[in-house]
>>> print(open('target05.pdb').read())   # PDB, C-alpha atoms
ATOM      1  CA  MET A  28     -17.926  37.977 -16.453
ATOM      2  CA  SER A  29     -17.834  34.923 -14.190
ATOM      3  CA  ALA A  30     -14.669  34.003 -12.324
ATOM      4  CA  HIS A  31     -15.707  30.351 -12.207
ATOM      5  CA  THR A  32     -15.436  28.311 -15.384
ATOM      6  CA  HIS A  33     -16.913  24.823 -15.529
ATOM      7  CA  TYR A  34     -15.431  22.307 -17.917
ATOM      8  CA  ASP A  35     -17.419  19.162 -18.592
ATOM      9  CA  ASN A  36     -14.729  16.635 -19.437
ATOM     10  CA  ASN A  37     -16.777  13.531 -18.532
ATOM     11  CA  HIS A  38     -14.631  12.654 -15.516
ATOM     12  CA  ASP A  39     -16.183  11.014 -12.502
ATOM     13  CA  HIS A  40     -15.502  13.409  -9.640
ATOM     14  CA  GLY A  41     -17.283  11.369  -6.987
ATOM     15  CA  SER A  42     -20.235  12.037  -4.766
ATOM     16  CA  TYR A  43     -20.762  12.681  -1.088
ATOM     17  CA  ARG A  44     -21.802   9.054  -0.660
ATOM     18  CA  GLY A  45     -18.554   7.886  -2.286
ATOM     19  CA  TYR A  46     -16.443  10.180  -0.116
ATOM     20  CA  ILE A  47     -18.238   9.078   3.065
ATOM     21  CA  THR A  48     -17.842   5.413   2.088
ATOM     22  CA  GLY A  49     -14.127   5.942   1.424
ATOM     23  CA  PHE A  50     -13.696   7.804   4.698
ATOM     24  CA  LEU A  51     -15.469   5.110   6.740
ATOM     25  CA  LEU A  52     -13.463   2.344   5.067
ATOM     26  CA  SER A  53     -10.260   4.278   5.777
ATOM     27  CA  VAL A  54     -11.177   4.693   9.442
ATOM     28  CA  VAL A  55     -11.997   0.982   9.807
ATOM     29  CA  LEU A  56      -8.814  -0.050   7.977
ATOM     30  CA  THR A  57      -6.817   2.170  10.331
ATOM     31  CA  ALA A  58      -8.602   1.061  13.511
ATOM     32  CA  ILE A  59      -8.197  -2.676  12.864
ATOM     33  CA  PRO A  60      -4.359  -2.725  12.819
ATOM     34  CA  PHE A  61      -4.171  -0.125  15.600
ATOM     35  CA  GLY A  62      -6.428  -2.174  17.866
ATOM     36  CA  LEU A  63      -4.624  -5.368  16.920
ATOM     37  CA  VAL A  64      -1.193  -3.977  17.807
ATOM     38  CA  MET A  65      -2.410  -2.257  20.994
ATOM     39  CA  ALA A  66      -4.004  -5.542  22.166
ATOM     40  CA  GLY A  67      -0.697  -7.355  21.744
ATOM     41  CA  GLY A  68      -1.373  -8.995  18.396
ATOM     42  CA  PHE A  69      -1.751 -12.661  17.586
ATOM     43  CA  GLU A  70       0.390 -15.465  18.956
ATOM     44  CA  SER A  71       2.285 -15.484  15.680
ATOM     45  CA  HIS A  72       4.122 -12.226  15.019
ATOM     46  CA  LEU A  73       4.163 -13.095  11.326
ATOM     47  CA  LEU A  74       0.349 -13.240  11.272
ATOM     48  CA  THR A  75       0.147  -9.870  13.037
ATOM     49  CA  VAL A  76       2.530  -8.261  10.537
ATOM     50  CA  GLY A  77       0.628  -9.868   7.667
ATOM     51  CA  MET A  78      -2.661  -8.473   8.952
ATOM     52  CA  VAL A  79      -1.228  -4.951   9.332
ATOM     53  CA  VAL A  80       0.370  -5.025   5.866
ATOM     54  CA  GLY A  81      -2.813  -6.467   4.348
ATOM     55  CA  CYS A  82      -4.926  -3.661   5.838
ATOM     56  CA  ALA A  83      -2.393  -1.118   4.539
ATOM     57  CA  ILE A  84      -2.597  -2.498   1.002
ATOM     58  CA  VAL A  85      -6.397  -2.507   1.072
ATOM     59  CA  GLN A  86      -6.371   1.052   2.412
ATOM     60  CA  VAL A  87      -4.138   2.198  -0.452
ATOM     61  CA  LEU A  88      -6.635   0.674  -2.886
ATOM     62  CA  VAL A  89      -9.549   2.382  -1.093
ATOM     63  CA  HIS A  90      -7.795   5.752  -1.379
ATOM     64  CA  MET A  91      -7.044   5.198  -5.048
ATOM     65  CA  VAL A  92     -10.639   4.276  -5.900
ATOM     66  CA  TYR A  93     -12.671   6.589  -3.641
ATOM     67  CA  PHE A  94     -10.468   9.685  -3.423
ATOM     68  CA  LEU A  95      -8.254   9.618  -6.533
ATOM     69  CA  HIS A  96     -11.081   8.187  -8.694
ATOM     70  CA  MET A  97      -8.779   5.748 -10.428
ATOM     71  CA  ASN A  98     -10.546   3.182 -12.556
ATOM     72  CA  SER A  99     -10.249   1.658 -15.992
ATOM     73  CA  ARG A 100     -12.466   4.391 -17.519
ATOM     74  CA  ALA A 101     -10.419   7.394 -16.315
ATOM     75  CA  GLU A 102      -8.362   8.848 -19.169
ATOM     76  CA  GLU A 103      -8.982   5.724 -21.231
ATOM     77  CA  GLY A 104      -7.178   3.468 -18.764
ATOM     78  CA  TRP A 105      -3.824   5.262 -18.846
ATOM     79  CA  THR A 106      -4.074   6.251 -15.184
ATOM     80  CA  LEU A 107      -4.595   2.646 -14.126
ATOM     81  CA  LEU A 108      -1.872   1.412 -16.460
ATOM     82  CA  SER A 109       0.683   3.915 -15.157
ATOM     83  CA  THR A 110      -0.235   3.007 -11.577
ATOM     84  CA  LEU A 111       0.274  -0.700 -12.267
ATOM     85  CA  PHE A 112       3.653   0.058 -13.864
ATOM     86  CA  THR A 113       4.640   2.111 -10.792
ATOM     87  CA  VAL A 114       3.597  -0.692  -8.428
ATOM     88  CA  ILE A 115       5.624  -3.235 -10.407
ATOM     89  CA  ILE A 116       8.728  -1.012 -10.343
ATOM     90  CA  VAL A 117       8.357  -0.373  -6.585
ATOM     91  CA  VAL A 118       7.966  -4.118  -5.856
ATOM     92  CA  ILE A 119      11.073  -4.887  -7.931
ATOM     93  CA  MET A 120      13.047  -2.180  -6.102
ATOM     94  CA  ILE A 121      11.969  -3.340  -2.640
ATOM     95  CA  ALA A 122      12.563  -7.028  -3.401
ATOM     96  CA  GLY A 123      15.949  -6.269  -4.947
ATOM     97  CA  SER A 124      16.983  -4.099  -1.999
ATOM     98  CA  LEU A 125      16.013  -6.795   0.495
ATOM     99  CA  TRP A 126      17.852  -9.434  -1.537
ATOM    100  CA  VAL A 127      21.019  -7.317  -1.709
ATOM    101  CA  MET A 128      20.909  -6.477   2.012
ATOM    102  CA  TYR A 129      20.419 -10.123   2.962
ATOM    103  CA  HIS A 130      23.330 -11.285   0.831
ATOM    104  CA  LEU A 131      25.581  -8.445   1.996
ATOM    105  CA  ASN A 132      24.885  -9.415   5.594
ATOM    106  CA  THR A 133      25.569 -13.091   4.872
ATOM    107  CA  ASN A 134      28.669 -12.596   2.718
ATOM    108  CA  MET A 135      30.302  -9.659   4.505
ATOM    109  CA  MET A 136      30.013 -11.188   7.971
ATOM    110  CA  PRO A 137      31.169 -14.792   7.440
ATOM    111  CA  GLN A 138      32.587 -15.067  10.970
ATOM    112  CA  MET A 139      29.080 -14.793  12.443
ATOM    113  CA  ASN A 140      27.161 -18.022  12.753
ATOM    114  CA  HIS A 141      23.740 -16.980  11.419
ATOM    115  CA  ASP A 142      22.224 -20.305  12.508
ATOM    116  CA  LEU A 143      22.668 -19.367  16.163
ATOM    117  CA  LEU A 144      20.579 -16.184  16.024
ATOM    118  CA  PRO A 145      17.781 -15.907  18.588
ATOM    119  CA  GLU A 146      14.388 -17.209  17.474
ATOM    120  CA  GLN A 147      12.787 -13.739  17.632
ATOM    121  CA  LEU A 148      15.123 -12.315  14.951
ATOM    122  CA  ARG A 149      14.209 -14.926  12.330
TER     123      ARG A 149
END
>>> encode(input="target05.pdb", output="structure tokens")
Amino acid sequence: MSAHTHYDNNHDHGSYRGYITGFLLSVVLTAIPFGLVMAGGFESHLLTVGMVVGCAIVQVLVHMVYFLHMNSRAEEGWTLLSTLFTVIIVVIMIAGSLWVMYHLNTNMMPQMNHDLLPEQLR
């Protein structure tokens, strides 16, 4: 009797080419922000942060497609649908938390003149 049982459930489990492509994309998407930050970044700090966050979002998508094999065909789209729902909930939670923290800082510290903050903190 064999200890290994193979179930053919029509799932796409990837190939070596797909894993290598995902790995190389992950390395590049890690090296770009690392090199950017180590070189001092752009003149605009906002552009540097945007580039790092953008590479992070693309890297999450690369991991989901190449390593987690998430697509619209997997489990009849339920995996993709549940992931989109999770992303929407996380965005709402982060945006709501930032909104609450901003308004707590503004309303709980009225004696501070927020217009006089240094330019780097804005």
>>> closest_residue(input="target05.pdb", among="A:Val79, A:Thr106, A:Phe61, A:Val55", to="Met91 in chain A", atoms="only C-alpha atoms")
A:Thr106
>>> atom_distance(input="target05.pdb", atom1="CA of Phe112 in chain A", atom2="CA of Ile47 in chain A")
29.1 Å
>>> atom_distance(input="target05.pdb", atom1="CA of Gly45 in chain A", atom2="CA of Phe94 in chain A")
8.4 Å
>>> residues_around(input="target05.pdb", residues="Gln86 in chain A", least_positions_apart="6", cutoff="12 Å", atoms="only C-alpha atoms", output="list in words")
Gly49, Phe50, Leu51, Leu52, Ser53, Val54, Val55, Leu56, Thr57, Ala58, Ile59, Pro60, Val79, Val80, Val92, Tyr93 and Phe94 of chain A
>>> atom_distance(input="target05.pdb", atom1="CA of Val127 in chain A", atom2="CA of Thr113 in chain A")
21.0 Å
>>> residues_around(input="target05.pdb", residues="Leu107 in chain A", least_positions_apart="6", cutoff="10 Å", atoms="all atoms listed in the file", output="VMD selection string")
chain A and resid 91 97 to 101 113
>>> write_last_selection(input="target05.pdb", atoms="C-alpha atoms", output="PDB file, keeping the file's coordinate frame")
ATOM      1  CA  MET A  91      -7.044   5.198  -5.048  1.00  0.00           C
ATOM      2  CA  MET A  97      -8.779   5.748 -10.428  1.00  0.00           C
ATOM      3  CA  ASN A  98     -10.546   3.182 -12.556  1.00  0.00           C
ATOM      4  CA  SER A  99     -10.249   1.658 -15.992  1.00  0.00           C
ATOM      5  CA  ARG A 100     -12.466   4.391 -17.519  1.00  0.00           C
ATOM      6  CA  ALA A 101     -10.419   7.394 -16.315  1.00  0.00           C
ATOM      7  CA  THR A 113       4.640   2.111 -10.792  1.00  0.00           C
TER       8      THR A 113
END
>>> axis_aligned_box(input="target05.pdb", around="range 68-73 of chain A", padding_each_side="5 Å", output="lines of an AutoDock Vina configuration file")
center_x = 1.2
center_y = -12.2
center_z = 15.1
size_x = 15.9
size_y = 16.5
size_z = 17.6
>>> residues_around(input="target05.pdb", residues="Gly77 in chain A", least_positions_apart="4", cutoff="12 Å", atoms="all atoms listed in the file", output="PyMOL selection string")
chain A and resi 60+63-64+68-69+71-73+81-84
>>> write_last_selection(input="target05.pdb", atoms="C-alpha atoms", output="tab-separated table (two decimals), in the coordinates of the input")
chain	number	residue	atom	x	y	z
A	60	PRO	CA	-4.36	-2.72	12.82
A	63	LEU	CA	-4.62	-5.37	16.92
A	64	VAL	CA	-1.19	-3.98	17.81
A	68	GLY	CA	-1.37	-8.99	18.40
A	69	PHE	CA	-1.75	-12.66	17.59
A	71	SER	CA	2.28	-15.48	15.68
A	72	HIS	CA	4.12	-12.23	15.02
A	73	LEU	CA	4.16	-13.10	11.33
A	81	GLY	CA	-2.81	-6.47	4.35
A	82	CYS	CA	-4.93	-3.66	5.84
A	83	ALA	CA	-2.39	-1.12	4.54
A	84	ILE	CA	-2.60	-2.50	1.00
>>> closest_residue(input="target05.pdb", among="A:Met78, A:Ala122, A:Met128, A:Leu88", to="Gly62 in chain A", atoms="all atoms listed in the file")
A:Met78
>>> decode(input="target05.pdb", residues="range 75-99 of chain A", atoms="N, CA, C and O atoms", output="short mmCIF file (atom, residue, chain, number, x, y, z; two decimals), in the first residue's frame")
data_model
loop_
_atom_site.label_atom_id
_atom_site.label_comp_id
_atom_site.auth_asym_id
_atom_site.auth_seq_id
_atom_site.Cartn_x
_atom_site.Cartn_y
_atom_site.Cartn_z
N THR A 75 9.56 59.27 -2.42
CA THR A 75 10.31 58.10 -1.95
C THR A 75 9.39 57.13 -1.22
O THR A 75 9.41 55.92 -1.48
N VAL A 76 8.56 57.65 -0.33
CA VAL A 76 7.61 56.80 0.40
C VAL A 76 6.62 56.17 -0.56
O VAL A 76 6.30 54.98 -0.45
N GLY A 77 6.15 56.93 -1.53
CA GLY A 77 5.23 56.40 -2.52
C GLY A 77 5.84 55.27 -3.33
O GLY A 77 5.17 54.27 -3.62
N MET A 78 7.10 55.41 -3.68
CA MET A 78 7.79 54.37 -4.44
C MET A 78 7.95 53.09 -3.61
O MET A 78 7.74 51.99 -4.10
N VAL A 79 8.31 53.24 -2.35
CA VAL A 79 8.48 52.08 -1.46
C VAL A 79 7.14 51.38 -1.24
O VAL A 79 7.03 50.15 -1.33
N VAL A 80 6.09 52.14 -0.98
CA VAL A 80 4.76 51.56 -0.76
C VAL A 80 4.25 50.91 -2.05
O VAL A 80 3.66 49.83 -2.02
N GLY A 81 4.48 51.56 -3.18
CA GLY A 81 4.07 50.99 -4.46
C GLY A 81 4.74 49.65 -4.74
O GLY A 81 4.09 48.69 -5.17
N CYS A 82 6.05 49.57 -4.48
CA CYS A 82 6.76 48.29 -4.66
C CYS A 82 6.24 47.24 -3.69
O CYS A 82 6.14 46.06 -4.04
N ALA A 83 5.87 47.64 -2.48
CA ALA A 83 5.33 46.69 -1.51
C ALA A 83 3.99 46.13 -1.97
O ALA A 83 3.74 44.93 -1.87
N ILE A 84 3.14 46.99 -2.52
CA ILE A 84 1.83 46.54 -2.99
C ILE A 84 2.00 45.59 -4.18
O ILE A 84 1.35 44.54 -4.24
N VAL A 85 2.89 45.94 -5.10
CA VAL A 85 3.12 45.06 -6.25
C VAL A 85 3.70 43.73 -5.78
O VAL A 85 3.35 42.67 -6.30
N GLN A 86 4.58 43.76 -4.77
CA GLN A 86 5.16 42.52 -4.28
C GLN A 86 4.10 41.63 -3.62
O GLN A 86 4.12 40.41 -3.77
N VAL A 87 3.16 42.21 -2.92
CA VAL A 87 2.07 41.43 -2.34
C VAL A 87 1.28 40.74 -3.45
O VAL A 87 0.95 39.55 -3.35
N LEU A 88 1.01 41.46 -4.52
CA LEU A 88 0.29 40.88 -5.66
C LEU A 88 1.10 39.76 -6.32
O LEU A 88 0.54 38.72 -6.69
N VAL A 89 2.41 39.94 -6.44
CA VAL A 89 3.27 38.90 -7.01
C VAL A 89 3.21 37.65 -6.15
O VAL A 89 3.07 36.53 -6.67
N HIS A 90 3.28 37.80 -4.85
CA HIS A 90 3.21 36.64 -3.95
C HIS A 90 1.86 35.93 -4.06
O HIS A 90 1.80 34.70 -4.06
N MET A 91 0.79 36.72 -4.16
CA MET A 91 -0.53 36.12 -4.24
C MET A 91 -0.70 35.34 -5.54
O MET A 91 -1.30 34.27 -5.55
N VAL A 92 -0.17 35.84 -6.64
CA VAL A 92 -0.36 35.17 -7.93
C VAL A 92 0.61 34.01 -8.11
O VAL A 92 0.20 32.90 -8.47
N TYR A 93 1.90 34.22 -7.83
CA TYR A 93 2.90 33.20 -8.15
C TYR A 93 3.07 32.14 -7.06
O TYR A 93 3.44 31.01 -7.36
N PHE A 94 2.86 32.49 -5.80
CA PHE A 94 3.10 31.52 -4.74
C PHE A 94 1.81 30.99 -4.11
O PHE A 94 1.75 29.84 -3.71
N LEU A 95 0.78 31.83 -3.99
CA LEU A 95 -0.49 31.37 -3.44
C LEU A 95 -1.46 30.92 -4.52
O LEU A 95 -2.54 30.41 -4.22
N HIS A 96 -1.10 31.13 -5.78
CA HIS A 96 -1.89 30.70 -6.95
C HIS A 96 -3.31 31.23 -6.90
O HIS A 96 -4.26 30.50 -7.19
N MET A 97 -3.45 32.48 -6.52
CA MET A 97 -4.78 33.08 -6.46
C MET A 97 -5.12 33.68 -7.81
O MET A 97 -4.39 34.49 -8.35
N ASN A 98 -6.23 33.25 -8.35
CA ASN A 98 -6.75 33.80 -9.59
C ASN A 98 -8.26 33.65 -9.59
O ASN A 98 -8.84 33.13 -8.65
N SER A 99 -8.88 34.08 -10.67
CA SER A 99 -10.35 34.01 -10.70
C SER A 99 -10.86 32.59 -10.92
O SER A 99 -12.02 32.31 -10.71
#
